[in-house]
Structures are given as structure tokens and as C-alpha cells.
$ cat model35.txt   # compact mmCIF, C-alpha atoms
# COMPACT_ATOMS: atom_id res chain seq x y z
CA MET N 28 57.56 100.02 93.62
CA PRO N 29 58.65 101.00 97.16
CA PRO N 30 62.35 100.38 97.86
CA ILE N 31 63.27 97.32 99.90
CA VAL N 32 65.80 97.54 102.71
CA SER N 33 66.74 94.22 104.24
CA VAL N 34 67.93 94.04 107.85
CA ILE N 35 69.49 90.75 108.92
CA GLN N 36 70.93 90.06 112.36
CA THR N 37 73.29 87.30 113.44
CA THR N 38 74.49 86.32 116.90
CA ASP N 39 77.27 84.26 115.32
CA MET N 40 80.22 86.63 114.96
CA SER N 41 82.40 84.04 113.22
CA GLU N 42 83.31 84.47 109.57
CA GLU N 43 80.68 81.88 108.62
CA GLY N 44 78.02 83.61 110.70
CA ILE N 45 78.77 86.97 109.09
CA LYS N 46 78.78 85.35 105.66
CA GLY N 47 75.33 83.92 106.28
CA ALA N 48 73.97 87.30 107.38
CA THR N 49 75.50 89.03 104.34
CA TYR N 50 74.08 86.47 101.91
CA GLY N 51 70.69 86.77 103.59
CA ALA N 52 70.69 90.57 103.43
CA ILE N 53 71.56 90.64 99.72
CA GLU N 54 68.93 88.05 98.85
CA GLU N 55 66.19 89.68 100.96
CA SER N 56 66.86 93.05 99.30
CA GLY N 57 65.64 91.68 95.98
CA PHE N 58 68.92 92.48 94.25
CA ARG N 59 69.92 90.39 91.24
CA LEU N 60 73.39 90.36 89.73
CA PRO N 61 73.59 91.74 86.18
CA ALA N 62 73.94 89.25 83.33
CA LYS N 63 77.16 90.91 82.14
CA LEU N 64 79.69 91.09 84.93
CA ASN N 65 83.29 91.77 83.97
CA SER N 66 84.26 94.46 86.48
CA VAL N 67 83.14 94.90 90.09
CA ILE N 68 84.11 97.62 92.57
CA LEU N 69 83.45 97.41 96.30
CA LYS N 70 83.80 100.87 97.89
CA VAL N 71 84.67 100.30 101.55
CA ASN N 72 84.98 102.76 104.44
CA LEU N 73 88.49 102.83 105.90
CA ARG N 74 88.61 105.50 108.59
CA TYR N 75 92.17 106.42 109.41
CA TYR N 76 93.97 103.32 110.71
CA TRP N 77 91.36 102.08 113.18
CA ASP N 78 90.70 98.35 113.17
CA PHE N 79 87.19 97.09 112.37
CA SER N 80 86.78 96.09 116.04
CA THR N 81 86.43 99.82 116.87
CA GLY N 82 83.32 100.13 114.71
CA GLU N 83 85.04 102.75 112.55
CA THR N 84 86.08 100.66 109.56
CA THR N 85 84.32 98.26 107.19
CA ASP N 86 84.79 94.74 108.48
CA PRO N 87 86.86 92.72 105.97
CA ARG N 88 84.73 89.68 106.83
CA VAL N 89 81.69 91.43 105.34
CA VAL N 90 83.71 92.31 102.24
CA SER N 91 84.91 88.70 102.00
CA ALA N 92 81.30 87.50 102.12
CA ILE N 93 80.28 89.88 99.31
CA ILE N 94 83.15 88.62 97.16
CA ASP N 95 82.04 85.02 97.79
CA TYR N 96 78.43 85.92 96.95
CA ILE N 97 79.44 87.43 93.61
CA ARG N 98 81.53 84.41 92.67
CA ASP N 99 78.95 81.91 93.88
CA HIS N 100 76.26 83.53 91.73
CA SER N 101 78.19 84.69 88.66
CA GLY N 102 81.30 82.51 88.45
CA PRO N 103 84.98 83.32 88.94
CA SER N 104 85.57 85.47 85.85
CA ALA N 105 84.66 88.93 87.18
CA ASP N 106 87.51 91.30 88.00
CA ILE N 107 86.78 92.37 91.59
CA ILE N 108 88.37 95.50 93.07
CA VAL N 109 88.20 96.79 96.65
CA ALA N 110 88.51 100.57 96.54
CA GLU N 111 89.06 103.49 98.89
CA ALA N 112 90.44 107.02 98.55
CA ASP N 113 93.07 108.88 100.54
CA ALA N 114 91.79 111.22 103.25
CA SER N 115 93.27 114.32 104.86
CA ALA N 116 94.89 112.24 107.62
CA MET N 117 94.98 108.77 106.01
CA ARG N 118 96.91 107.19 103.17
CA THR N 119 95.04 104.31 101.62
CA ARG N 120 98.13 102.23 100.87
CA HIS N 121 98.94 102.15 104.60
CA ALA N 122 95.31 101.52 105.60
CA PHE N 123 95.04 98.54 103.23
CA ARG N 124 98.08 97.00 104.89
CA MET N 125 97.23 97.84 108.50
CA LEU N 126 93.52 96.97 108.35
CA ARG N 127 93.94 93.46 106.89
CA TYR N 128 92.86 94.29 103.35
CA GLU N 129 96.14 93.26 101.74
CA LYS N 130 95.71 89.81 103.31
CA LEU N 131 92.09 89.72 102.15
CA ALA N 132 93.13 90.62 98.60
CA GLN N 133 95.73 87.85 98.53
CA ARG N 134 93.36 85.27 100.02
CA LYS N 135 90.46 86.11 97.71
CA SER N 136 92.51 86.98 94.59
CA VAL N 137 91.04 90.47 94.26
CA LYS N 138 92.70 93.81 93.58
CA LEU N 139 93.05 96.90 95.77
CA LEU N 140 92.62 100.38 94.32
CA ASN N 141 93.41 103.83 95.67
CA LEU N 142 90.82 106.09 94.01
CA CYS N 143 93.20 109.05 94.25
CA GLU N 144 95.84 107.28 92.15
CA CYS N 145 93.85 106.29 89.06
CA GLU N 146 92.37 108.11 86.09
CA LYS N 147 89.98 110.87 87.16
CA VAL N 148 87.32 112.93 85.45
CA GLU N 149 85.76 116.21 86.58
CA LYS N 150 81.99 115.83 86.83
CA GLU N 151 79.32 118.44 87.55
CA ALA N 152 76.22 118.14 89.72
CA VAL N 153 73.70 120.80 90.67
CA VAL N 154 72.45 120.84 94.27
CA ASN N 155 70.34 123.64 95.74
CA HIS N 156 70.74 125.53 92.45
CA LYS N 157 74.52 125.53 92.85
CA THR N 158 76.95 123.70 90.57
CA PHE N 159 79.64 121.53 92.12
CA ARG N 160 82.62 120.19 90.15
CA LEU N 161 84.07 117.08 91.75
CA PRO N 162 86.91 114.73 90.73
CA VAL N 163 85.61 111.19 90.27
CA ALA N 164 87.73 108.10 89.69
CA GLN N 165 86.91 106.75 86.23
CA PRO N 166 86.74 103.09 87.39
CA MET N 167 83.82 104.02 89.67
CA LEU N 168 81.88 105.10 86.58
CA ASP N 169 82.93 102.21 84.35
CA ALA N 170 82.24 99.23 86.64
CA ASP N 171 79.55 96.76 85.62
CA LEU N 172 78.71 96.45 89.30
CA LEU N 173 79.39 99.05 92.00
CA ILE N 174 78.68 98.01 95.58
CA ASN N 175 78.87 100.54 98.39
CA VAL N 176 79.97 98.92 101.69
CA PRO N 177 79.67 101.58 104.42
CA LYS N 178 79.64 101.34 108.19
CA LEU N 179 76.69 101.77 110.55
CA ARG N 180 77.95 104.58 112.76
CA THR N 181 77.47 108.15 113.90
CA HIS N 182 79.45 111.19 112.81
CA ARG N 183 80.16 114.49 114.54
CA LEU N 184 79.42 116.66 111.50
CA THR N 185 76.55 114.77 109.83
CA THR N 186 74.99 112.93 112.84
CA VAL N 187 74.99 109.63 110.93
CA THR N 188 77.29 108.24 108.29
CA CYS N 189 76.26 105.38 106.05
CA SER N 190 75.72 104.97 102.31
CA LEU N 191 75.63 108.61 101.16
CA LYS N 192 78.48 109.77 103.38
CA ASN N 193 80.66 106.82 102.35
CA LEU N 194 80.53 108.01 98.74
CA PHE N 195 81.72 111.44 99.89
CA GLY N 196 84.85 109.49 100.80
CA ALA N 197 85.14 108.43 97.15
CA ILE N 198 85.89 111.96 95.96
CA ALA N 199 89.26 111.43 94.33
CA VAL N 200 91.36 113.96 96.27
CA PRO N 201 92.94 113.49 99.70
CA ARG N 202 92.00 116.82 101.31
CA LYS N 203 88.24 116.48 101.38
CA ILE N 204 88.21 118.84 104.35
CA VAL N 205 87.97 121.68 101.78
CA TYR N 206 84.38 120.58 101.11
CA HIS N 207 83.30 120.76 104.76
CA PRO N 208 81.83 124.30 104.55
CA GLU N 209 79.22 122.86 102.15
CA LEU N 210 79.38 119.29 103.37
CA ASN N 211 75.69 118.39 103.04
CA GLU N 212 75.48 119.73 99.49
CA VAL N 213 78.70 117.99 98.41
CA ILE N 214 77.52 114.66 99.87
CA VAL N 215 74.38 114.93 97.76
CA ALA N 216 76.34 116.05 94.70
CA ILE N 217 78.69 113.06 94.72
CA ASN N 218 75.70 110.75 95.12
CA LYS N 219 74.17 112.28 92.01
CA LEU N 220 77.38 111.47 90.14
CA ILE N 221 78.10 107.98 91.51
CA LYS N 222 75.20 105.54 91.57
CA PRO N 223 75.87 102.24 93.36
CA HIS N 224 73.89 99.27 92.14
CA LEU N 225 73.76 97.88 95.68
CA THR N 226 74.57 99.05 99.18
CA VAL N 227 75.58 96.53 101.86
CA VAL N 228 75.92 98.13 105.30
CA ASP N 229 78.31 96.66 107.84
CA GLY N 230 76.63 96.87 111.22
CA ILE N 231 78.41 93.86 112.71
CA ILE N 232 80.18 96.19 115.13
CA ALA N 233 78.38 99.53 114.99
CA LEU N 234 79.58 102.78 116.50
CA GLY N 235 77.71 105.40 118.49
CA LYS N 236 78.95 106.83 121.73
CA GLU N 237 81.01 103.64 121.89
CA PRO N 238 81.32 100.48 119.76
CA ILE N 239 78.57 97.89 120.09
CA LYS N 240 78.28 94.37 118.69
CA MET N 241 74.96 94.43 116.84
CA GLY N 242 75.54 91.67 114.29
CA LEU N 243 73.61 93.57 111.62
CA VAL N 244 73.90 93.60 107.84
CA LEU N 245 71.62 95.88 105.80
CA ALA N 246 71.23 95.82 102.03
CA SER N 247 69.28 97.82 99.44
CA GLU N 248 69.40 98.93 95.83
CA ASP N 249 68.32 102.42 97.00
CA GLN N 250 71.14 104.34 98.70
CA LEU N 251 68.84 106.87 100.36
CA ALA N 252 66.31 104.33 101.64
CA VAL N 253 69.05 102.34 103.36
CA ASP N 254 70.31 105.51 105.07
CA PHE N 255 66.81 106.31 106.34
CA VAL N 256 66.51 102.84 107.86
CA ALA N 257 70.05 103.02 109.26
CA ALA N 258 69.30 106.37 110.93
CA LYS N 259 66.21 104.90 112.60
CA ILE N 260 68.21 101.90 113.83
CA MET N 261 70.67 104.34 115.44
CA GLY N 262 67.84 106.20 117.17
CA TYR N 263 67.66 109.31 114.96
CA ASN N 264 64.80 110.83 112.98
CA PRO N 265 66.11 110.77 109.39
CA TRP N 266 63.90 113.73 108.46
CA ARG N 267 65.98 115.86 110.84
CA ILE N 268 69.32 114.94 109.24
CA LYS N 269 70.27 117.61 106.73
CA HIS N 270 72.06 115.62 104.05
CA LEU N 271 69.31 112.97 104.02
CA THR N 272 66.44 115.44 103.60
CA LEU N 273 68.42 117.35 100.98
CA ALA N 274 69.10 114.12 99.08
CA GLU N 275 65.36 113.34 99.14
CA ARG N 276 64.51 116.76 97.72
CA GLU N 277 67.17 116.37 95.03
CA GLY N 278 65.86 112.98 93.92
CA VAL N 279 68.87 110.91 94.94
CA GLY N 280 66.67 108.09 96.18
CA VAL N 281 63.34 107.21 97.77
CA ALA N 282 62.64 107.93 101.43
CA LYS N 283 58.92 107.16 101.68
CA ARG N 284 56.98 103.88 101.83
CA ILE N 285 60.20 101.95 102.44
CA GLN N 286 59.64 98.21 102.81
CA VAL N 287 61.85 96.70 105.54
CA ALA N 288 62.53 92.97 105.17
CA GLY N 289 63.96 90.76 107.89
CA GLU N 290 64.21 92.16 111.41
CA TYR N 291 61.78 94.54 113.11
CA ILE N 292 63.92 97.65 113.47
CA SER N 293 61.95 99.13 116.38
CA LYS N 294 64.00 97.14 118.90
CA PHE N 295 67.39 98.50 117.85
CA PRO N 296 67.26 102.18 118.96
CA LYS N 297 66.91 101.00 122.55
CA LEU N 298 70.18 99.10 122.20
CA PHE N 299 72.19 101.62 120.19
CA PRO N 300 74.47 103.95 122.20
CA THR N 301 73.23 107.16 120.59
CA GLU N 302 75.56 110.15 120.69
CA ASN N 303 74.21 113.60 121.58
CA TYR N 304 76.12 115.72 119.11
CA PHE N 305 74.79 119.05 120.34
CA LEU N 306 76.41 118.41 123.72
CA PHE N 307 79.46 116.83 122.08
CA ASN N 308 80.07 119.84 119.83
CA LEU N 309 79.50 122.22 122.72
CA SER N 310 82.03 120.39 124.90
CA TRP N 311 84.44 120.18 121.94
CA GLU N 312 84.33 123.95 121.44
CA VAL N 313 84.95 124.51 125.15
CA LYS N 314 87.94 122.17 125.03
CA LEU N 315 89.36 124.03 122.03
CA LEU N 316 88.96 127.37 123.80
CA LEU N 317 90.85 125.99 126.79
CA LEU N 318 93.50 124.56 124.48
CA ASP N 319 93.90 127.93 122.72
CA ALA N 320 94.35 129.63 126.09
CA TYR N 321 97.03 127.08 126.97
CA LEU N 322 98.76 127.60 123.61
CA LYS N 323 98.92 131.36 124.13
CA VAL N 324 100.75 130.79 127.40
CA THR N 325 103.10 128.06 126.13
CA LYS N 326 103.60 129.46 122.59
CA ASP N 327 102.93 125.97 121.23
CA THR N 328 100.88 125.34 118.05
CA ARG N 329 97.57 123.59 117.48
CA LEU N 330 97.54 120.49 115.27
CA PRO N 331 95.56 121.08 112.03
CA ALA N 332 93.67 117.81 112.65
CA LEU N 333 91.94 119.44 115.64
CA ASP N 334 90.15 121.92 113.39
CA LYS N 335 86.84 121.07 111.77

$ encode --input "model35.txt" --output "C-alpha cells"
Amino acid sequence: MPPIVSVIQTTDMSEEGIKGATYGAIEESGFRLPAKLNSVILKVNLRYYWDFSTGETTDPRVVSAIIDYIRDHSGPSADIIVAEADASAMRTRHAFRMLRYEKLAQRKSVKLLNLCECEKVEKEAVVNHKTFRLPVAQPMLDADLLINVPKLRTHRLTTVTCSLKNLFGAIAVPRKIVYHPELNEVIVAINKLIKPHLTVVDGIIALGKEPIKMGLVLASEDQLAVDFVAAKIMGYNPWRIKHLTLAEREGVGVAKRIQVAGEYISKFPKLFPTENYFLFNLSWEVKLLLLDAYLKVTKDTRLPALDK
């Protein structure tokens, strides 16, 4: 059967309004909770220490709604964990505290997990006839239910970032910048190794050229299908985005005959503040050249974070 991607919009940005949109998106996607549900992991997207109001970080109100949905439909017994991994310039323990996740965990009686600080296993995936060995947190493989909770936003290196790119962030080492030379292949590889049962996309405040309140929640059991729909909502042709087309060729998910439930998505590209990354990257390179010229004169040093 064709994959279903649900797209639900709310104009009510209160916690109750977001909860209603999240419940609606999950139900419209056709997803059903498994009969056995002891362990649940929600993989969020915490980008540095930017608050969710910037459009960079998964909104804790969406995560709260998912937790409520699980408990409303399966009872209170499941062990629910909100997970994220360290990044090159972010420590998850600080992000959990600064981005309101510690308060969420206390209020909802759930656990927080740094994927870089738990048991890991090296797993292999072949992409484009090349073998990649990646460290994966064992709890991500053992959970009865794994829900990917990415953001709806653009990205300088991959054009869009949503379900597939959020799992790149689950690679259980901090310095994921070492994978950037083969970024598209590694994104696909980690998605071959980690298979979420459900993806719930936070598009409450989306991010393009600037943040925009869109009030959207997307949901699907197919991680590639939801990325194709998300790309279209942001005004991009998904067949021109390298990691998405590579994922389709490698059988990560289904990209054709997608059934969209809920909103008509044709209206959203007109609203979304699309970023022109060709011009952005060109201007970025010019700025770095000017910076390097300045550094030669001043004998100062360039911050590593400014490099790709």
C-alpha cells in the first residue's frame, strides 16, 4: 500500500492546540501502537542551545503531546525516554537543561538519555557499494517503540533537514563533523541501521530563511515519505535533494504514490521563507575569504566552528 503522510495544521499555538494537532496527525497517519509496549524512545532534535521559538529545536510541547498520546492509548506502564546525542558544538546534558527538557521530564515522569553516554554497538551498512561502520546506541535498537521527532527546517549542507537527517544526529559520537565529506551516504547508512516505527515532525515553528509560525504537525510510518512531503511544503523538489534520492535508490523508504492526509500541501510553499543555498554558500565562502585576509593581517586564528 502507498505510504500515508498526515499533515495537520493548527492556529491555536497553546499547549492544548498543539496537543490536538499532534493527536490528529498520529491518528490520520494510520499508525497503531504495538500490543507490547515496555520501552519507548523519542529521538528529538536539539540544535545547539537555541530555544524552540527559533525554529531550530524540537518543541517540547510536541514531545509532551506524544507522551500523552502513548499513555492515553497504552496505559502508564511504558518506560518512556527522550533521547539526543552530543554534537561537535553541543553537550546534550546542557541542552536538556537549557531547552526545557529537564522540566518536561520531571512534569511527565519520563527519562532523558544522552545517546553518547550509553552502551554502543558498531553496525555496518552498505550505501553506494561502500561499507560504513557507525556507532549506534543500543537502546535505539532495543526499544519496543522508536519515534523520530525532527524539525521542519532547512539546512545549509543538505537543503532540508527532517526525519532522515535527524537520525544522523543519533550517531553515538559527538564529532559527527568527521562524516561531512560523505554526508549524504552516511545519512542513508544510519537510516538503514535505525528504523523508527513512527515519525512525528514538529512544524509548529518552522525555519527557512527565518522562523515562521506554521502550526504544522506531520506524521508517517515511512521516514522517507514524510521527508518528501516536508521538502515540498518547504518549496523544494525532493527529487533534487541528494540524500533523499539516494535513500530512495537504497530502499530506505517509499517516495512514490504517497498519500497525503489532512491539509492540501500546495498552499504551504507560498508561505514558507525558502532559503537559496547556492547564494548563501557563495556569500559564505566570500565572507570566509575576507575573514582569512583579515586574520593574515591581525595574526588572529579562525574558530573551528566556522569551517564546514

$ axis_aligned_box --input "model35.txt" --around "range 77-87 of chain N" --padding-each-side "5 Å" --output "JSON"
{"center_x": 87.3, "center_y": 97.7, "center_z": 111.4, "size_x": 18.0, "size_y": 20.0, "size_z": 20.9}

$ closest_residue --input "model35.txt" --among "N:Gly57, N:Gly44, N:Gly235, N:Pro201" --to "Ile31 in chain N" --atoms "all atoms listed in the file"
N:Gly57

$ residues_around --input "model35.txt" --residues "Gly47 in chain N" --least-positions-apart "3" --cutoff "12 Å" --atoms "all atoms listed in the file" --output "number ranges by chain"
N: 35-44, 50-54, 88-89, 91-93, 95-96, 242-244

$ closest_residue --input "model35.txt" --among "N:Ala170, N:Leu179, N:Val67, N:Ala122" --to "Pro103 in chain N" --atoms "only C-alpha atoms"
N:Val67

$ atom_distance --input "model35.txt" --atom1 "CA of Arg98 in chain N" --atom2 "CA of Arg118 in chain N"
29.4 Å

$ atom_distance --input "model35.txt" --atom1 "CA of Pro162 in chain N" --atom2 "CA of Glu111 in chain N"
14.1 Å

$ closest_residue --input "model35.txt" --among "N:Ser115, N:Thr301, N:Ser247, N:Asn218" --to "Arg59 in chain N" --atoms "all atoms listed in the file"
N:Ser247

$ closest_residue --input "model35.txt" --among "N:Met261, N:Leu60, N:Val279, N:Ile239" --to "Val154 in chain N" --atoms "only C-alpha atoms"
N:Val279

$ atom_distance --input "model35.txt" --atom1 "CA of Val137 in chain N" --atom2 "CA of Ile108 in chain N"
5.8 Å

$ closest_residue --input "model35.txt" --among "N:Ile292, N:Leu161, N:Ala116, N:Leu172" --to "Pro223 in chain N" --atoms "all atoms listed in the file"
N:Leu172

$ closest_residue --input "model35.txt" --among "N:Leu220, N:Leu234, N:Val256, N:Ala48" --to "Arg183 in chain N" --atoms "all atoms listed in the file"
N:Leu234

$ residues_around --input "model35.txt" --residues "Ala216 in chain N" --least-positions-apart "3" --cutoff "6 Å" --atoms "all atoms listed in the file" --output "ChimeraX atom specification"
/N:152,213,219

$ residues_around --input "model35.txt" --residues "Val287 in chain N" --least-positions-apart "3" --cutoff "10 Å" --atoms "all atoms listed in the file" --output "PDB file with C-alpha atoms, in the frame of the given file"
ATOM      1  CA  PRO N  29      58.650 101.000  97.160  1.00  0.00           C
ATOM      2  CA  PRO N  30      62.350 100.380  97.860  1.00  0.00           C
ATOM      3  CA  ILE N  31      63.270  97.320  99.900  1.00  0.00           C
ATOM      4  CA  VAL N  32      65.800  97.540 102.710  1.00  0.00           C
ATOM      5  CA  SER N  33      66.740  94.220 104.240  1.00  0.00           C
ATOM      6  CA  VAL N  34      67.930  94.040 107.850  1.00  0.00           C
ATOM      7  CA  GLU N  55      66.190  89.680 100.960  1.00  0.00           C
ATOM      8  CA  SER N  56      66.860  93.050  99.300  1.00  0.00           C
ATOM      9  CA  LEU N 245      71.620  95.880 105.800  1.00  0.00           C
ATOM     10  CA  SER N 247      69.280  97.820  99.440  1.00  0.00           C
ATOM     11  CA  ALA N 252      66.310 104.330 101.640  1.00  0.00           C
ATOM     12  CA  VAL N 253      69.050 102.340 103.360  1.00  0.00           C
ATOM     13  CA  VAL N 256      66.510 102.840 107.860  1.00  0.00           C
ATOM     14  CA  ARG N 284      56.980 103.880 101.830  1.00  0.00           C
ATOM     15  CA  GLU N 290      64.210  92.160 111.410  1.00  0.00           C
ATOM     16  CA  TYR N 291      61.780  94.540 113.110  1.00  0.00           C
ATOM     17  CA  ILE N 292      63.920  97.650 113.470  1.00  0.00           C
TER      18      ILE N 292
END

$ residues_near_point --input "model35.txt" --point "(81.3, 98.9, 116.3)" --cutoff "10 Å" --atoms "only C-alpha atoms" --output "list in words"
Asp78, Phe79, Ser80, Thr81, Gly82, Glu83, Thr84, Thr85, Asp86, Lys178, Leu179, Arg180, Asp229, Gly230, Ile231, Ile232, Ala233, Leu234, Gly235, Lys236, Glu237, Pro238, Ile239, Lys240, Met241 and Gly242 of chain N

$ residues_near_point --input "model35.txt" --point "(90.6, 112.5, 86.0)" --cutoff "8 Å" --atoms "all atoms listed in the file" --output "list of chain:residue names"
N:Cys145, N:Glu146, N:Lys147, N:Val148, N:Glu149, N:Pro162, N:Val163, N:Ala164, N:Gln165

$ residues_around --input "model35.txt" --residues "Asn141 in chain N" --least-positions-apart "2" --cutoff "8 Å" --atoms "all atoms listed in the file" --output "list in words"
Ala110, Glu111, Ala112, Asp113, Thr119, Arg120, Leu139, Cys143, Glu144 and Cys145 of chain N

$ residues_around --input "model35.txt" --residues "Asp254 in chain N" --least-positions-apart "4" --cutoff "9 Å" --atoms "all atoms listed in the file" --output "VMD selection string"
chain N and resid 187 to 191 249 to 250 258 to 259 265 271 282
